[in-house]
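Here is the file input-v4.cif (mmCIF, C-alpha atoms).
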data_final
#
loop_
_atom_site.label_atom_id
_atom_site.label_comp_id
_atom_site.auth_asym_id
_atom_site.auth_seq_id
_atom_site.Cartn_x
_atom_site.Cartn_y
_atom_site.Cartn_z
CA MET A 24 0.00 0.00 0.00
CA LEU A 25 1.20 3.49 -0.87
CA GLU A 26 0.48 6.58 1.20
CA ALA A 27 -2.26 8.52 -0.53
CA LEU A 28 -2.13 12.10 -1.72
CA PHE A 29 -4.61 14.81 -0.77
CA TYR A 30 -5.57 14.15 2.84
CA GLU A 31 -5.04 15.56 6.31
CA LYS A 32 -4.63 13.84 9.65
CA GLN A 33 -7.14 14.59 12.39
CA LYS A 34 -7.55 13.66 16.03
CA ASP A 35 -8.13 10.10 17.20
CA ASP A 36 -6.32 8.72 14.15
CA GLN A 37 -9.04 9.94 11.79
CA VAL A 38 -8.21 11.39 8.38
CA ARG A 39 -10.01 13.63 5.90
CA CYS A 40 -9.61 12.78 2.21
CA PHE A 41 -9.61 15.64 -0.30
CA LEU A 42 -9.38 13.68 -3.56
CA CYS A 43 -13.02 14.02 -4.55
CA PRO A 44 -16.06 16.09 -3.49
CA HIS A 45 -17.19 13.46 -0.98
CA PHE A 46 -14.35 14.70 1.28
CA CYS A 47 -14.65 11.52 3.34
CA GLN A 48 -13.74 11.60 7.01
CA ILE A 49 -12.35 8.11 7.59
CA ARG A 50 -11.83 6.39 10.92
CA ASP A 51 -8.88 4.13 11.61
CA GLY A 52 -9.32 0.76 9.92
CA ARG A 53 -12.02 2.00 7.54
CA VAL A 54 -12.17 2.90 3.85
CA GLY A 55 -13.70 5.92 2.16
CA PHE A 56 -16.71 5.99 -0.15
CA CYS A 57 -14.59 4.71 -3.04
CA GLY A 58 -13.62 1.56 -1.14
CA VAL A 59 -9.91 1.83 -1.96
CA ARG A 60 -8.53 4.58 0.26
CA PHE A 61 -7.83 3.07 3.65
CA ASN A 62 -7.01 4.66 7.00
CA GLN A 63 -4.17 2.69 8.60
CA GLY A 64 -3.35 4.12 11.98
CA GLY A 65 -4.02 7.71 10.98
CA CYS A 66 -2.24 7.41 7.62
CA LEU A 67 -4.34 7.28 4.44
CA LYS A 68 -3.23 4.46 2.14
CA THR A 69 -4.32 3.58 -1.38
CA LEU A 70 -5.28 -0.07 -1.75
CA ASN A 71 -5.22 -0.18 -5.56
CA TYR A 72 -1.84 1.38 -6.35
CA GLY A 73 -0.14 -0.66 -9.08
CA ARG A 74 -3.02 -3.17 -9.19
CA VAL A 75 -4.71 -3.94 -12.52
CA ALA A 76 -8.15 -5.54 -12.86
CA SER A 77 -8.60 -5.08 -16.63
CA ILE A 78 -6.22 -4.45 -19.50
CA ALA A 79 -6.76 -4.57 -23.27
CA LEU A 80 -5.76 -2.99 -26.56
CA ASP A 81 -8.95 -1.18 -27.62
CA PRO A 82 -10.00 0.92 -30.58
CA ILE A 83 -9.97 4.53 -29.40
CA GLU A 84 -13.61 4.73 -30.54
CA LYS A 85 -14.53 2.33 -27.73
CA LYS A 86 -13.67 4.89 -25.02
CA PRO A 87 -15.63 6.50 -26.77
CA LEU A 88 -13.43 9.09 -28.49
CA TYR A 89 -14.38 9.62 -32.14
CA ARG A 90 -12.38 12.75 -32.94
CA PHE A 91 -9.03 11.95 -31.31
CA HIS A 92 -6.61 9.59 -33.11
CA SER A 93 -9.52 8.03 -34.98
CA GLY A 94 -8.86 4.56 -36.35
CA GLU A 95 -6.03 3.84 -33.91
CA SER A 96 -5.84 1.53 -30.89
CA ILE A 97 -4.85 2.43 -27.37
CA LEU A 98 -3.71 0.33 -24.41
CA SER A 99 -6.57 0.54 -21.91
CA VAL A 100 -6.18 -0.24 -18.24
CA GLY A 101 -8.29 -0.11 -15.10
CA THR A 102 -8.33 -1.20 -11.48
CA VAL A 103 -11.06 -1.57 -8.83
CA GLY A 104 -13.20 0.99 -7.02
CA CYS A 105 -15.29 4.06 -7.82
CA ASN A 106 -16.36 7.23 -6.04
CA LEU A 107 -19.91 7.12 -7.40
CA SER A 108 -22.57 4.56 -6.60
CA CYS A 109 -24.61 4.45 -9.81
CA LEU A 110 -27.45 1.95 -9.51
CA PHE A 111 -27.08 1.13 -13.21
CA CYS A 112 -23.29 0.69 -13.24
CA GLN A 113 -22.28 -1.11 -16.42
CA ASN A 114 -18.85 -2.09 -15.00
CA TRP A 115 -19.91 -2.92 -11.44
CA ARG A 116 -17.78 -6.07 -11.21
CA ILE A 117 -14.66 -3.94 -10.94
CA SER A 118 -16.08 -0.63 -9.74
CA LYS A 119 -18.07 -1.98 -6.80
CA GLU A 120 -16.59 -5.45 -6.16
CA ILE A 121 -13.40 -4.33 -4.44
CA LYS A 122 -12.28 -7.95 -3.92
CA THR A 123 -12.19 -8.59 -7.68
CA PRO A 124 -8.82 -10.23 -8.46
CA THR A 125 -6.08 -7.86 -9.60
CA GLU A 126 -2.54 -8.28 -10.81
CA PRO A 127 0.49 -6.10 -10.00
CA ILE A 128 2.04 -3.83 -12.60
CA THR A 129 4.50 -0.94 -12.54
CA SER A 130 4.18 2.31 -14.45
CA ARG A 131 7.26 1.55 -16.51
CA ALA A 132 6.04 -1.95 -17.35
CA LEU A 133 2.74 -0.50 -18.55
CA ILE A 134 4.54 2.00 -20.75
CA GLU A 135 6.75 -0.72 -22.23
CA LYS A 136 3.65 -2.81 -22.92
CA ALA A 137 2.07 0.11 -24.77
CA LYS A 138 5.16 0.46 -26.94
CA GLU A 139 5.30 -3.27 -27.65
CA LEU A 140 1.70 -3.18 -28.86
CA ASN A 141 2.31 -0.07 -30.99
CA SER A 142 -0.25 1.84 -28.97
CA PHE A 143 -0.12 5.61 -29.31
CA GLY A 144 -0.84 5.99 -25.60
CA ILE A 145 -2.52 4.75 -22.45
CA ALA A 146 -6.21 5.09 -21.54
CA TYR A 147 -7.13 4.99 -17.85
CA THR A 148 -10.62 3.54 -18.06
CA TYR A 149 -13.07 0.74 -17.15
CA ASN A 150 -13.41 1.95 -13.54
CA GLU A 151 -12.96 5.52 -12.26
CA PRO A 152 -9.34 6.58 -12.87
CA PHE A 153 -9.36 9.43 -10.37
CA ILE A 154 -9.57 7.01 -7.43
CA TRP A 155 -6.44 5.35 -8.88
CA TYR A 156 -4.88 8.77 -8.68
CA GLU A 157 -1.38 8.04 -7.42
CA PHE A 158 -0.71 5.39 -10.06
CA VAL A 159 -2.35 7.37 -12.88
CA TYR A 160 -0.40 10.52 -11.98
CA GLU A 161 2.90 8.68 -11.83
CA THR A 162 2.25 6.75 -15.05
CA ALA A 163 0.94 9.75 -16.98
CA LYS A 164 4.11 11.75 -16.29
CA LEU A 165 6.36 8.92 -17.41
CA ALA A 166 4.17 8.19 -20.44
CA GLN A 167 4.39 11.81 -21.56
CA GLU A 168 8.18 11.68 -21.25
CA ALA A 169 8.11 8.53 -23.40
CA GLY A 170 6.10 10.28 -26.14
CA LEU A 171 2.81 8.55 -25.37
CA LYS A 172 -0.62 10.18 -25.09
CA ASN A 173 -2.68 9.94 -21.89
CA VAL A 174 -6.47 9.52 -21.98
CA LEU A 175 -8.96 9.63 -19.10
CA VAL A 176 -12.39 8.01 -19.22
CA THR A 177 -13.97 9.49 -16.13
CA ASN A 178 -17.11 10.45 -14.25
CA GLY A 179 -15.57 13.86 -13.61
CA TYR A 180 -16.17 13.71 -9.86
CA VAL A 181 -12.88 15.09 -8.57
CA ALA A 182 -11.72 17.97 -6.39
CA ALA A 183 -10.03 21.00 -7.93
CA GLU A 184 -6.46 20.52 -6.63
CA PRO A 185 -5.99 16.91 -7.81
CA LEU A 186 -7.51 17.82 -11.16
CA GLU A 187 -5.17 20.75 -11.68
CA ARG A 188 -2.12 18.68 -10.79
CA LEU A 189 -2.96 15.92 -13.29
CA LEU A 190 -4.24 17.96 -16.25
CA PRO A 191 -0.82 18.97 -17.68
CA TYR A 192 -0.23 15.30 -18.51
CA ILE A 193 -3.64 14.53 -20.04
CA ASP A 194 -4.21 14.76 -23.80
CA ALA A 195 -7.86 13.73 -24.05
CA ALA A 196 -10.81 12.77 -21.87
CA ASN A 197 -14.24 11.30 -22.21
CA ILE A 198 -16.38 12.57 -19.33
CA ASP A 199 -19.72 11.07 -18.34
CA LEU A 200 -22.51 13.59 -17.98
CA LYS A 201 -25.13 11.24 -16.63
CA SER A 202 -27.88 13.83 -16.37
CA ILE A 203 -28.26 17.58 -16.16
CA ARG A 204 -30.51 17.27 -13.09
CA SER A 205 -29.23 17.42 -9.51
CA GLU A 206 -31.96 15.03 -8.31
CA PHE A 207 -30.76 12.33 -10.70
CA TYR A 208 -27.19 12.49 -9.42
CA LYS A 209 -28.29 12.49 -5.80
CA LYS A 210 -30.78 9.63 -6.02
CA VAL A 211 -29.12 7.40 -8.61
CA CYS A 212 -25.38 8.12 -8.25
CA SER A 213 -24.96 9.45 -4.68
CA ALA A 214 -23.20 12.51 -6.00
CA SER A 215 -23.70 16.10 -7.14
CA VAL A 216 -23.91 17.27 -10.75
CA GLU A 217 -22.41 20.70 -10.04
CA GLU A 218 -18.90 19.31 -9.47
CA VAL A 219 -19.09 17.28 -12.68
CA LEU A 220 -20.13 20.35 -14.66
CA GLY A 221 -17.23 22.26 -13.16
CA THR A 222 -14.81 19.51 -14.17
CA ILE A 223 -16.12 19.53 -17.74
CA LYS A 224 -15.68 23.28 -18.05
CA ARG A 225 -12.14 23.10 -16.67
CA VAL A 226 -10.93 20.09 -18.67
CA THR A 227 -12.19 21.46 -22.00
CA LYS A 228 -9.78 24.37 -21.51
CA SER A 229 -6.85 21.98 -21.21
CA CYS A 230 -7.29 19.06 -23.64
CA HIS A 231 -9.56 17.35 -26.14
CA VAL A 232 -12.90 16.38 -24.51
CA GLU A 233 -15.86 14.29 -25.58
CA LEU A 234 -18.96 13.73 -23.46
CA THR A 235 -21.12 10.65 -22.93
CA ASN A 236 -24.70 10.51 -21.71
CA LEU A 237 -26.09 7.05 -20.90
CA ILE A 238 -29.82 7.28 -21.60
CA ILE A 239 -31.97 5.31 -19.15
CA PRO A 240 -35.70 4.85 -19.82
CA SER A 241 -37.94 6.90 -17.49
CA LEU A 242 -34.96 8.41 -15.62
CA ASN A 243 -33.24 10.82 -18.02
CA ASP A 244 -34.81 10.19 -21.41
CA ASN A 245 -37.53 12.84 -21.68
CA ASP A 246 -37.21 15.80 -24.04
CA LYS A 247 -36.79 18.29 -21.20
CA ASP A 248 -33.82 16.41 -19.76
CA LEU A 249 -32.20 15.89 -23.15
CA SER A 250 -32.74 19.48 -24.27
CA GLY A 251 -31.47 20.78 -20.93
CA LEU A 252 -28.27 18.77 -21.23
CA VAL A 253 -27.67 19.89 -24.81
CA ASP A 254 -28.43 23.51 -23.93
CA TRP A 255 -25.90 23.43 -21.10
CA VAL A 256 -23.20 21.96 -23.33
CA TYR A 257 -23.86 24.51 -26.05
CA ALA A 258 -23.92 27.48 -23.67
CA ASN A 259 -20.88 26.48 -21.61
CA ILE A 260 -18.63 24.52 -23.96
CA GLY A 261 -19.78 25.40 -27.47
CA ASP A 262 -21.07 23.53 -30.48
CA SER A 263 -17.93 21.52 -31.30
CA VAL A 264 -17.62 19.15 -28.34
CA PRO A 265 -18.58 15.62 -29.46
CA LEU A 266 -21.56 14.22 -27.54
CA HIS A 267 -22.23 10.48 -27.36
CA PHE A 268 -25.65 9.15 -26.41
CA SER A 269 -25.19 5.60 -25.17
CA LYS A 270 -27.67 2.76 -24.81
CA TYR A 271 -28.32 1.46 -21.28
CA PHE A 272 -28.68 -2.24 -20.50
CA PRO A 273 -30.13 -3.62 -17.22
CA CYS A 274 -27.19 -4.06 -14.86
CA TYR A 275 -26.09 -4.05 -11.21
CA LYS A 276 -29.07 -2.85 -9.13
CA MET A 277 -31.28 -1.60 -11.95
CA ASN A 278 -33.61 -3.77 -14.03
CA LEU A 279 -35.37 -1.17 -16.15
CA PRO A 280 -35.70 -2.31 -19.78
CA GLN A 281 -32.88 -1.47 -22.17
CA THR A 282 -33.05 1.80 -24.06
CA PRO A 283 -34.97 1.61 -27.35
CA ARG A 284 -33.02 2.68 -30.40
CA LYS A 285 -35.71 5.23 -31.25
CA THR A 286 -35.00 7.02 -27.94
CA LEU A 287 -31.35 7.48 -28.87
CA GLU A 288 -32.32 8.66 -32.33
CA ARG A 289 -34.70 11.19 -30.77
CA ALA A 290 -31.89 12.40 -28.51
CA ALA A 291 -29.59 12.78 -31.52
CA THR A 292 -32.23 14.81 -33.36
CA ILE A 293 -32.50 17.18 -30.40
CA ALA A 294 -28.74 17.50 -30.01
CA LYS A 295 -28.00 18.09 -33.69
CA LYS A 296 -30.04 21.29 -33.59
CA LYS A 297 -27.16 22.88 -31.64
CA LEU A 298 -24.13 20.56 -31.71
CA LYS A 299 -21.97 19.58 -34.68
CA TYR A 300 -20.84 16.13 -33.56
CA VAL A 301 -23.42 13.73 -32.14
CA TYR A 302 -22.95 9.96 -31.97
CA LEU A 303 -24.93 6.93 -30.78
CA GLY A 304 -23.27 4.12 -28.83
CA ASN A 305 -24.00 0.54 -27.72
CA ILE A 306 -26.35 0.00 -30.66
#
In structure tokens, how does this file's structure come out?
Amino acid sequence: MLEALFYEKQKDDQVRCFLCPHFCQIRDGRVGFCGVRFNQGGCLKTLNYGRVASIALDPIEKKPLYRFHSGESILSVGTVGCNLSCLFCQNWRISKEIKTPTEPITSRALIEKAKELNSFGIAYTYNEPFIWYEFVYETAKLAQEAGLKNVLVTNGYVAAEPLERLLPYIDAANIDLKSIRSEFYKKVCSASVEEVLGTIKRVTKSCHVELTNLIIPSLNDNDKDLSGLVDWVYANIGDSVPLHFSKYFPCYKMNLPQTPRKTLERAATIAKKKLKYVYLGNI
């Protein structure tokens, strides 16, 4: 276990974590909301440093990034844990099952693997990369020195200081915007949309960004929700950020029926009134 970044020690061996907007206060012997930052005797440790749960050479379009190194493949890697608790999580076996088997890897070994596979970079994906912060930060710096690109596939739920420290090493990001409504984030994801919107605005000033909205029947698929999301993107980011509408499948704790194709097509019609690049995924 490695000592974590972004925390302060408090009385009675408690610690306060400042990595994400949950700002967990963690008692000795306990973990934070993400399940992978552990208080050991008043010292915050990261349980997933250098531990890989999933690794693959993927088309960059699978991230999804459609307007960044299109047609190329990127070494994609993830670990366990997440700082959201989405009831519909499509990758819950690694994001919520902290005991999922992992294998050790070093940053340099990962970079060498990327080169061997002729990958143009490394994508930190599958689970939430920000709660793998120490390893991602270390690897991203070394990857940049080695001439590789760094890509984040993230929920965007991160505090300002960690984000600012990592951004100089990030070349592209796909950020989930799960809904434009605060109630959706609170009830379905145990989070707040305001922090995600702030992350999107900040990251688009630093690197290439594409957004993904997973459309879930009866939860975020009505015209008001879709128009509100598109309007926010247009007003705050502009008309050139690619927006992906993705099909939901029943998963984890949610058994609503899968999203009909016609719903995604309706979303695309709404979005194309204001945005230049709109794509449909999982269909």
Might you pull out every residue within 9 Å of stretch 87-93 of chain A, with all atoms listed in the file counted and same-chain residues fewer than 6 positions away left off, and present them as an MDAnalysis selection string?
-> chainID A and resid 143 176 195:197 231:235 265 267 302 304
Write to file, as a tab-separated table (two decimals), in the frame of the given file, the residues of the selection just made, with C-alpha atoms.
chain	number	residue	atom	x	y	z
A	143	PHE	CA	-0.12	5.61	-29.31
A	176	VAL	CA	-12.39	8.01	-19.22
A	195	ALA	CA	-7.86	13.73	-24.05
A	196	ALA	CA	-10.81	12.77	-21.87
A	197	ASN	CA	-14.24	11.30	-22.21
A	231	HIS	CA	-9.56	17.35	-26.14
A	232	VAL	CA	-12.90	16.38	-24.51
A	233	GLU	CA	-15.86	14.29	-25.58
A	234	LEU	CA	-18.96	13.73	-23.46
A	235	THR	CA	-21.12	10.65	-22.93
A	265	PRO	CA	-18.58	15.62	-29.46
A	267	HIS	CA	-22.23	10.48	-27.36
A	302	TYR	CA	-22.95	9.96	-31.97
A	304	GLY	CA	-23.27	4.12	-28.83
Within 9 Å of (-21.1, 14.3, -3.6), only C-alpha atoms: residues as a PDB file with C-alpha atoms, in the coordinates of the input?
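Written output follows (out11.pdb):
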ATOM      1  CA  CYS A  43     -13.020  14.020  -4.550  1.00  0.00           C
ATOM      2  CA  PRO A  44     -16.060  16.090  -3.490  1.00  0.00           C
ATOM      3  CA  HIS A  45     -17.190  13.460  -0.980  1.00  0.00           C
ATOM      4  CA  PHE A  46     -14.350  14.700   1.280  1.00  0.00           C
ATOM      5  CA  ASN A 106     -16.360   7.230  -6.040  1.00  0.00           C
ATOM      6  CA  LEU A 107     -19.910   7.120  -7.400  1.00  0.00           C
ATOM      7  CA  TYR A 180     -16.170  13.710  -9.860  1.00  0.00           C
ATOM      8  CA  TYR A 208     -27.190  12.490  -9.420  1.00  0.00           C
ATOM      9  CA  LYS A 209     -28.290  12.490  -5.800  1.00  0.00           C
ATOM     10  CA  CYS A 212     -25.380   8.120  -8.250  1.00  0.00           C
ATOM     11  CA  SER A 213     -24.960   9.450  -4.680  1.00  0.00           C
ATOM     12  CA  ALA A 214     -23.200  12.510  -6.000  1.00  0.00           C
ATOM     13  CA  SER A 215     -23.700  16.100  -7.140  1.00  0.00           C
ATOM     14  CA  VAL A 216     -23.910  17.270 -10.750  1.00  0.00           C
ATOM     15  CA  GLU A 218     -18.900  19.310  -9.470  1.00  0.00           C
TER      16      GLU A 218
END
Decode the PyMOL selection byres ((chain A and resi 279-285) around 12) for the given file into explicit residues and return them as a PyMOL selection string.
-> chain A and resi 110-111+237-244+268-278+286-292+303-306
Specify as a tab-separated table (two decimals) with C-alpha atoms, in the coordinates of the input each residue included when the PyMOL selection byres ((chain A and resi 199) around 7) is applied to this file.
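Full text of part13.tsv as output:
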chain	number	residue	atom	x	y	z
A	177	THR	CA	-13.97	9.49	-16.13
A	178	ASN	CA	-17.11	10.45	-14.25
A	179	GLY	CA	-15.57	13.86	-13.61
A	197	ASN	CA	-14.24	11.30	-22.21
A	198	ILE	CA	-16.38	12.57	-19.33
A	200	LEU	CA	-22.51	13.59	-17.98
A	201	LYS	CA	-25.13	11.24	-16.63
A	234	LEU	CA	-18.96	13.73	-23.46
A	235	THR	CA	-21.12	10.65	-22.93
A	236	ASN	CA	-24.70	10.51	-21.71
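The residues returned by the PyMOL selection byres ((chain A and resi 129-135) around 9) on the shown structure are Gly73, Arg74, Leu98, Val100, Pro127, Ile128, Lys136, Ala137, Lys138, Glu139, Leu140, Gly144, Ile145, Phe158, Val159, Glu161, Thr162, Ala163, Leu165, Ala166, Ala169 and Leu171 of chain A.
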So how many Å separate atom CA of A:Val181 and atom CA of A:Asp262, to one decimal?
-> 24.9 Å
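For the pair atom CA of A:Trp255 and atom CA of A:Val211, the separation is 20.6 Å.
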With all atoms listed in the file as the counted atoms, please give the residues lying no more than 9 Å from A:Leu298, apart from itself and same-chain residues fewer than 4 positions off, as a PDB file with C-alpha atoms, keeping the file's coordinate frame.
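Output file result-v2.pdb is given in full below:
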ATOM      1  CA  VAL A 253     -27.670  19.890 -24.810  1.00  0.00           C
ATOM      2  CA  VAL A 256     -23.200  21.960 -23.330  1.00  0.00           C
ATOM      3  CA  TYR A 257     -23.860  24.510 -26.050  1.00  0.00           C
ATOM      4  CA  GLY A 261     -19.780  25.400 -27.470  1.00  0.00           C
ATOM      5  CA  ASP A 262     -21.070  23.530 -30.480  1.00  0.00           C
ATOM      6  CA  SER A 263     -17.930  21.520 -31.300  1.00  0.00           C
ATOM      7  CA  VAL A 264     -17.620  19.150 -28.340  1.00  0.00           C
ATOM      8  CA  PRO A 265     -18.580  15.620 -29.460  1.00  0.00           C
ATOM      9  CA  LEU A 266     -21.560  14.220 -27.540  1.00  0.00           C
ATOM     10  CA  ALA A 294     -28.740  17.500 -30.010  1.00  0.00           C
TER      11      ALA A 294
END
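One finds atom CA of A:Leu67 at 15.7 Å from atom CA of A:Pro185.
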Residues within 12 Å of (-3.6, 20.9, -14.5), file coords, only C-alpha atoms, listed as a PyMOL selection string = chain A and resi 160+182-194+222+225-230
Determine the nearest neighbour of A:Cys57 from the options A:Lys119, A:Arg204, A:Lys86, A:Lys247, counting all atoms listed in the file.
-> A:Lys119
Nearest to A:Gln113 by atom-to-atom distance, counting all atoms listed in the file, from A:Gln167, A:Gln63, A:Gln37, A:Asn150 = A:Asn150
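Residue nearest A:Cys105, chosen from A:Ala146, A:Val219, A:Val174, A:Ile117 and counting only C-alpha atoms: A:Ile117.
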Mind working out the centre and edge lengths of an axis-aligned box for stretch 223-233 of chain A, all listed atoms inside, 6 Å added to each side, rounded to one decimal in Å and written as JSON?
{"center_x": -11.5, "center_y": 19.3, "center_z": -21.4, "size_x": 21.3, "size_y": 22.1, "size_z": 21.5}
Between A:Lys164, A:Lys295, A:Arg50, A:Lys224, which one has atoms that come closest to A:Gly64, using only C-alpha atoms?
-> A:Arg50
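The nearest approach to A:Phe56 among the residues A:Ser99, A:Ser118, A:Ser205, A:Thr148, with only C-alpha atoms taken into account, belongs to A:Ser118.
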Residue contacts of A:Thr102 (12 Å, only C-alpha atoms) excluding same-chain residues fewer than 5 positions away, as a ChimeraX atom specification = /A:58-59,69-78,114-128,147-156,158-159
